[in-house]
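Structure, as structure tokens:
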Amino acid sequence: MSKDCAWRFKPSSINKSQLFKVREFNDKHTCPLKDKVYEQHQASSSLIGGMIRPKLTNHKRKYTPKDIIDDVKTDLGVDVSYMLAWRAKEKAMNFLRVEPADSYNKLPGYLYTMDMTYRGSHIRMVKFPQNEFKYVYISLYAFIKGFDQFRPIVVVDRSHLKSYYTRTFISASTLNDAGHILPLVYGVIDSENDATWTWFSEQFKEAYGERESMYIVSDRNESIIKSVSRVYLIVPHFACIWHLWNNVYKKFKKSHSKLSEIYFSTTKTYTQAEFDSLMEKVEKVDIRVKEYLELAGYEKWARLYAPVNRGWTMTSNIVESINIALVSARELPIYDLLKEFRKLFGRWNCNNRKEALQTYTTLGKNTRRCLP
């Protein structure tokens, strides 16, 4: 202990007996951290974890083991290995939050509180027979009521989580005429398969029902496509034109530079003559691409062939925006993860409501910009 440390413990005997009383006690250490380190031959992960905790309180901050190695070297003059820095970060994060397993134990109580607070929400959790987590689905009441005022478009996507127990985050959203995103559902599943996506689609239908001219957009994940056809008998599924283009890009690399502009024009054209003309251009560049697009089904990606009015929602970009906004949160334990989702969507809805209350025209801001 440093001589300058404020820690003090001063006892004195009582009447020269073996009993004593504490006259002064200060349990706060003010020793320089270096003094603690140099007492050891090597800095421990626990010690470094305690040092870096303040830098990990904000999950949005990128703080890698390499950053920890550099900070320990700068602040303490000690060299540590990458593995030691990684363990120190894990200990610091577990201290600030909870152990991943404990996070799952908090879910039932958290979801019950959500259900009681947001009455009318559709919240479900499923476990395996061994009482292990399987799925969670959350559609808040504000989402459900808001959907009635939005176009019947549902964009579905998923992204892999980076926490200790690898899971998949799933979400569905829609877009209004003012260009605002309304989250419809968010949840976590254990794995992607037909049964998982069918369960998800069933929960979505129970919460939102089925609307006229409704359609669903996603990438060409086979399980999503199957689940939509099983649960919604007359609701069409459309492919995200950007994901479809990425497939073309990967399969036909030599032709993609010449086809990009032609392809995206083809997806958005309104007339048969223009569509046929553009497809002829595709055939001249690479007939294999034309055959691939025919096999995918014109009705899946071309606005002209869609059985309902697709409007301008041709991609899954709105859900990608959610994934980008939550990229740092995907490293959190599931309890903190779901809390972060709720706070983000709450802020969005609050901001959209404020803007709507301050709008006194029939057309939204984005629409007014398009007018002369």
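Ligands are numbered from 1 in the order shown, residues from 1 within each chain, and chains are lettered A, B, ... in the order they appear in the structure tokens.
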I'd like the contact shell of Val327 of chain A - 12 Å cut-off, only C-alpha atoms, skipping same-chain residues fewer than 3 positions apart - returned as a list in words.
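After dropping sequence-adjacent residues, the list is His59, Lys60, Arg61, Lys62, Ser159, His160, Leu161, Lys162, Ser163, Phe169, Glu320, Ser321, Ile322, Asn323, Ile324, Arg330, Glu331, Leu332, Leu337, Glu340 and Phe341 of chain A.
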Which of segment 204-349 of chain A end up as strand (DSSP E) when DSSP is run on this backbone - answer as a VMD selection string?
chain A and resid 215 to 218 237 to 239
Keeping only N, CA and C atoms, write the selected residues as a CSV table (one decimal), in the first residue's frame.
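Final output, again-v3.csv:
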chain,number,residue,atom,x,y,z
A,215,TYR,N,-48.4,-7.2,-48.7
A,215,TYR,CA,-47.4,-8.1,-49.2
A,215,TYR,C,-46.1,-8.0,-48.3
A,216,ILE,N,-45.3,-9.0,-48.5
A,216,ILE,CA,-44.1,-9.2,-47.7
A,216,ILE,C,-42.8,-9.2,-48.5
A,217,VAL,N,-41.8,-8.5,-48.1
A,217,VAL,CA,-40.6,-8.3,-48.8
A,217,VAL,C,-39.4,-8.9,-47.9
A,218,SER,N,-38.6,-9.7,-48.5
A,218,SER,CA,-37.4,-10.2,-47.8
A,218,SER,C,-36.4,-10.6,-48.8
A,237,HIS,N,-45.3,-12.9,-51.6
A,237,HIS,CA,-43.9,-12.6,-51.1
A,237,HIS,C,-43.1,-12.1,-52.3
A,238,PHE,N,-42.4,-11.0,-52.1
A,238,PHE,CA,-41.5,-10.4,-53.1
A,238,PHE,C,-40.1,-10.4,-52.6
A,239,ALA,N,-39.2,-10.6,-53.6
A,239,ALA,CA,-37.8,-10.6,-53.3
A,239,ALA,C,-37.3,-9.1,-53.3
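Among A:Val235, A:Ile225, A:Leu56, A:Ile170, the residue with the shortest atom-to-atom distance to Glu212 of chain A, counting only C-alpha atoms, is A:Val235.
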DSSP on the backbone, then: every residue of segment 243-324 of chain A marked helix (DSSP H, G or I), written as an MDAnalysis selection string.
chainID A and resid 243:251 256:268 272:285 287:296 298:301 303:305 317:324
Take the residues from that selection and write them out as a PDB file, in the first residue's frame, keeping C-alpha atoms.
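out-v9.pdb, written as the output of this step:
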ATOM      1  CA  HIS A 243     -30.411  -9.005 -52.628  1.00  0.00           C
ATOM      2  CA  LEU A 244     -31.385 -10.476 -55.985  1.00  0.00           C
ATOM      3  CA  TRP A 245     -28.849  -8.226 -57.706  1.00  0.00           C
ATOM      4  CA  ASN A 246     -26.146  -9.373 -55.280  1.00  0.00           C
ATOM      5  CA  ASN A 247     -26.893 -12.940 -56.344  1.00  0.00           C
ATOM      6  CA  VAL A 248     -26.510 -11.917 -59.988  1.00  0.00           C
ATOM      7  CA  TYR A 249     -23.280 -10.115 -59.116  1.00  0.00           C
ATOM      8  CA  LYS A 250     -21.806 -13.240 -57.487  1.00  0.00           C
ATOM      9  CA  LYS A 251     -22.934 -15.700 -60.147  1.00  0.00           C
ATOM     10  CA  HIS A 256     -22.450  -7.252 -63.724  1.00  0.00           C
ATOM     11  CA  SER A 257     -20.852  -3.897 -64.674  1.00  0.00           C
ATOM     12  CA  LYS A 258     -22.857  -3.714 -67.921  1.00  0.00           C
ATOM     13  CA  LEU A 259     -26.093  -4.963 -66.368  1.00  0.00           C
ATOM     14  CA  SER A 260     -26.468  -2.928 -63.192  1.00  0.00           C
ATOM     15  CA  GLU A 261     -28.322   0.052 -64.662  1.00  0.00           C
ATOM     16  CA  ILE A 262     -30.394  -2.159 -66.992  1.00  0.00           C
ATOM     17  CA  TYR A 263     -31.414  -4.497 -64.173  1.00  0.00           C
ATOM     18  CA  PHE A 264     -32.619  -1.790 -61.769  1.00  0.00           C
ATOM     19  CA  SER A 265     -34.509  -0.037 -64.578  1.00  0.00           C
ATOM     20  CA  THR A 266     -36.193  -3.331 -65.417  1.00  0.00           C
ATOM     21  CA  THR A 267     -37.347  -3.876 -61.837  1.00  0.00           C
ATOM     22  CA  LYS A 268     -39.081  -0.464 -61.687  1.00  0.00           C
ATOM     23  CA  GLN A 272     -44.716  -4.050 -70.915  1.00  0.00           C
ATOM     24  CA  ALA A 273     -42.975  -2.544 -73.942  1.00  0.00           C
ATOM     25  CA  GLU A 274     -40.247  -0.989 -71.831  1.00  0.00           C
ATOM     26  CA  PHE A 275     -39.831  -4.188 -69.808  1.00  0.00           C
ATOM     27  CA  ASP A 276     -39.447  -6.324 -72.955  1.00  0.00           C
ATOM     28  CA  SER A 277     -36.950  -3.862 -74.414  1.00  0.00           C
ATOM     29  CA  LEU A 278     -34.822  -3.922 -71.272  1.00  0.00           C
ATOM     30  CA  MET A 279     -34.902  -7.726 -71.039  1.00  0.00           C
ATOM     31  CA  GLU A 280     -33.654  -7.890 -74.642  1.00  0.00           C
ATOM     32  CA  LYS A 281     -30.686  -5.779 -73.557  1.00  0.00           C
ATOM     33  CA  VAL A 282     -30.060  -8.166 -70.665  1.00  0.00           C
ATOM     34  CA  GLU A 283     -30.113 -11.101 -73.084  1.00  0.00           C
ATOM     35  CA  LYS A 284     -27.585  -9.441 -75.381  1.00  0.00           C
ATOM     36  CA  VAL A 285     -25.168  -8.876 -72.492  1.00  0.00           C
ATOM     37  CA  ILE A 287     -28.367 -14.743 -71.711  1.00  0.00           C
ATOM     38  CA  ARG A 288     -27.609 -16.646 -68.494  1.00  0.00           C
ATOM     39  CA  VAL A 289     -28.693 -13.633 -66.457  1.00  0.00           C
ATOM     40  CA  LYS A 290     -32.004 -13.459 -68.316  1.00  0.00           C
ATOM     41  CA  GLU A 291     -32.590 -17.157 -67.650  1.00  0.00           C
ATOM     42  CA  TYR A 292     -31.729 -16.660 -63.976  1.00  0.00           C
ATOM     43  CA  LEU A 293     -34.200 -13.783 -63.618  1.00  0.00           C
ATOM     44  CA  GLU A 294     -36.909 -15.796 -65.426  1.00  0.00           C
ATOM     45  CA  LEU A 295     -36.305 -18.696 -63.051  1.00  0.00           C
ATOM     46  CA  ALA A 296     -36.582 -16.386 -60.046  1.00  0.00           C
ATOM     47  CA  TYR A 298     -40.816 -11.959 -62.817  1.00  0.00           C
ATOM     48  CA  GLU A 299     -43.640 -11.485 -60.318  1.00  0.00           C
ATOM     49  CA  LYS A 300     -41.113 -11.733 -57.458  1.00  0.00           C
ATOM     50  CA  TRP A 301     -38.941  -8.778 -58.461  1.00  0.00           C
ATOM     51  CA  ARG A 303     -42.997  -4.077 -60.374  1.00  0.00           C
ATOM     52  CA  LEU A 304     -44.869  -4.612 -63.656  1.00  0.00           C
ATOM     53  CA  TYR A 305     -45.712  -8.252 -62.839  1.00  0.00           C
ATOM     54  CA  ASN A 317     -33.419  -1.339 -46.843  1.00  0.00           C
ATOM     55  CA  ILE A 318     -35.692  -0.131 -44.037  1.00  0.00           C
ATOM     56  CA  VAL A 319     -34.910  -3.208 -41.966  1.00  0.00           C
ATOM     57  CA  GLU A 320     -31.239  -2.939 -42.846  1.00  0.00           C
ATOM     58  CA  SER A 321     -31.407   0.546 -41.312  1.00  0.00           C
ATOM     59  CA  ILE A 322     -32.565  -1.010 -38.036  1.00  0.00           C
ATOM     60  CA  ASN A 323     -29.737  -3.545 -38.141  1.00  0.00           C
ATOM     61  CA  ILE A 324     -27.175  -0.771 -38.653  1.00  0.00           C
TER      62      ILE A 324
END
Excluding same-chain residues fewer than 5 positions from Ser46 of chain A, what lies within 9 Å of it counting only C-alpha atoms, as a PyMOL selection string?
chain A and resi 51+87-88+91-92
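Using only C-alpha atoms, the contacts of Arg151 of chain A at a cut-off of 7 Å, with sequence neighbours closer than 2 positions omitted, comprise Gln149, Ile153 and Asn176 of chain A.
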For the residues in that selection, give me N, CA and C atoms as a PDB file, in the first residue's frame.
ATOM      1  N   GLN A 149     -52.449   2.652 -39.794  1.00  0.00           N
ATOM      2  CA  GLN A 149     -52.311   3.930 -40.499  1.00  0.00           C
ATOM      3  C   GLN A 149     -51.206   3.899 -41.557  1.00  0.00           C
ATOM      4  N   ILE A 153     -47.403  -2.976 -46.047  1.00  0.00           N
ATOM      5  CA  ILE A 153     -46.137  -3.526 -46.534  1.00  0.00           C
ATOM      6  C   ILE A 153     -45.352  -4.044 -45.330  1.00  0.00           C
ATOM      7  N   ASN A 176     -44.053   4.607 -43.931  1.00  0.00           N
ATOM      8  CA  ASN A 176     -45.200   5.438 -44.295  1.00  0.00           C
ATOM      9  C   ASN A 176     -44.853   6.385 -45.429  1.00  0.00           C
TER      10      ASN A 176
END
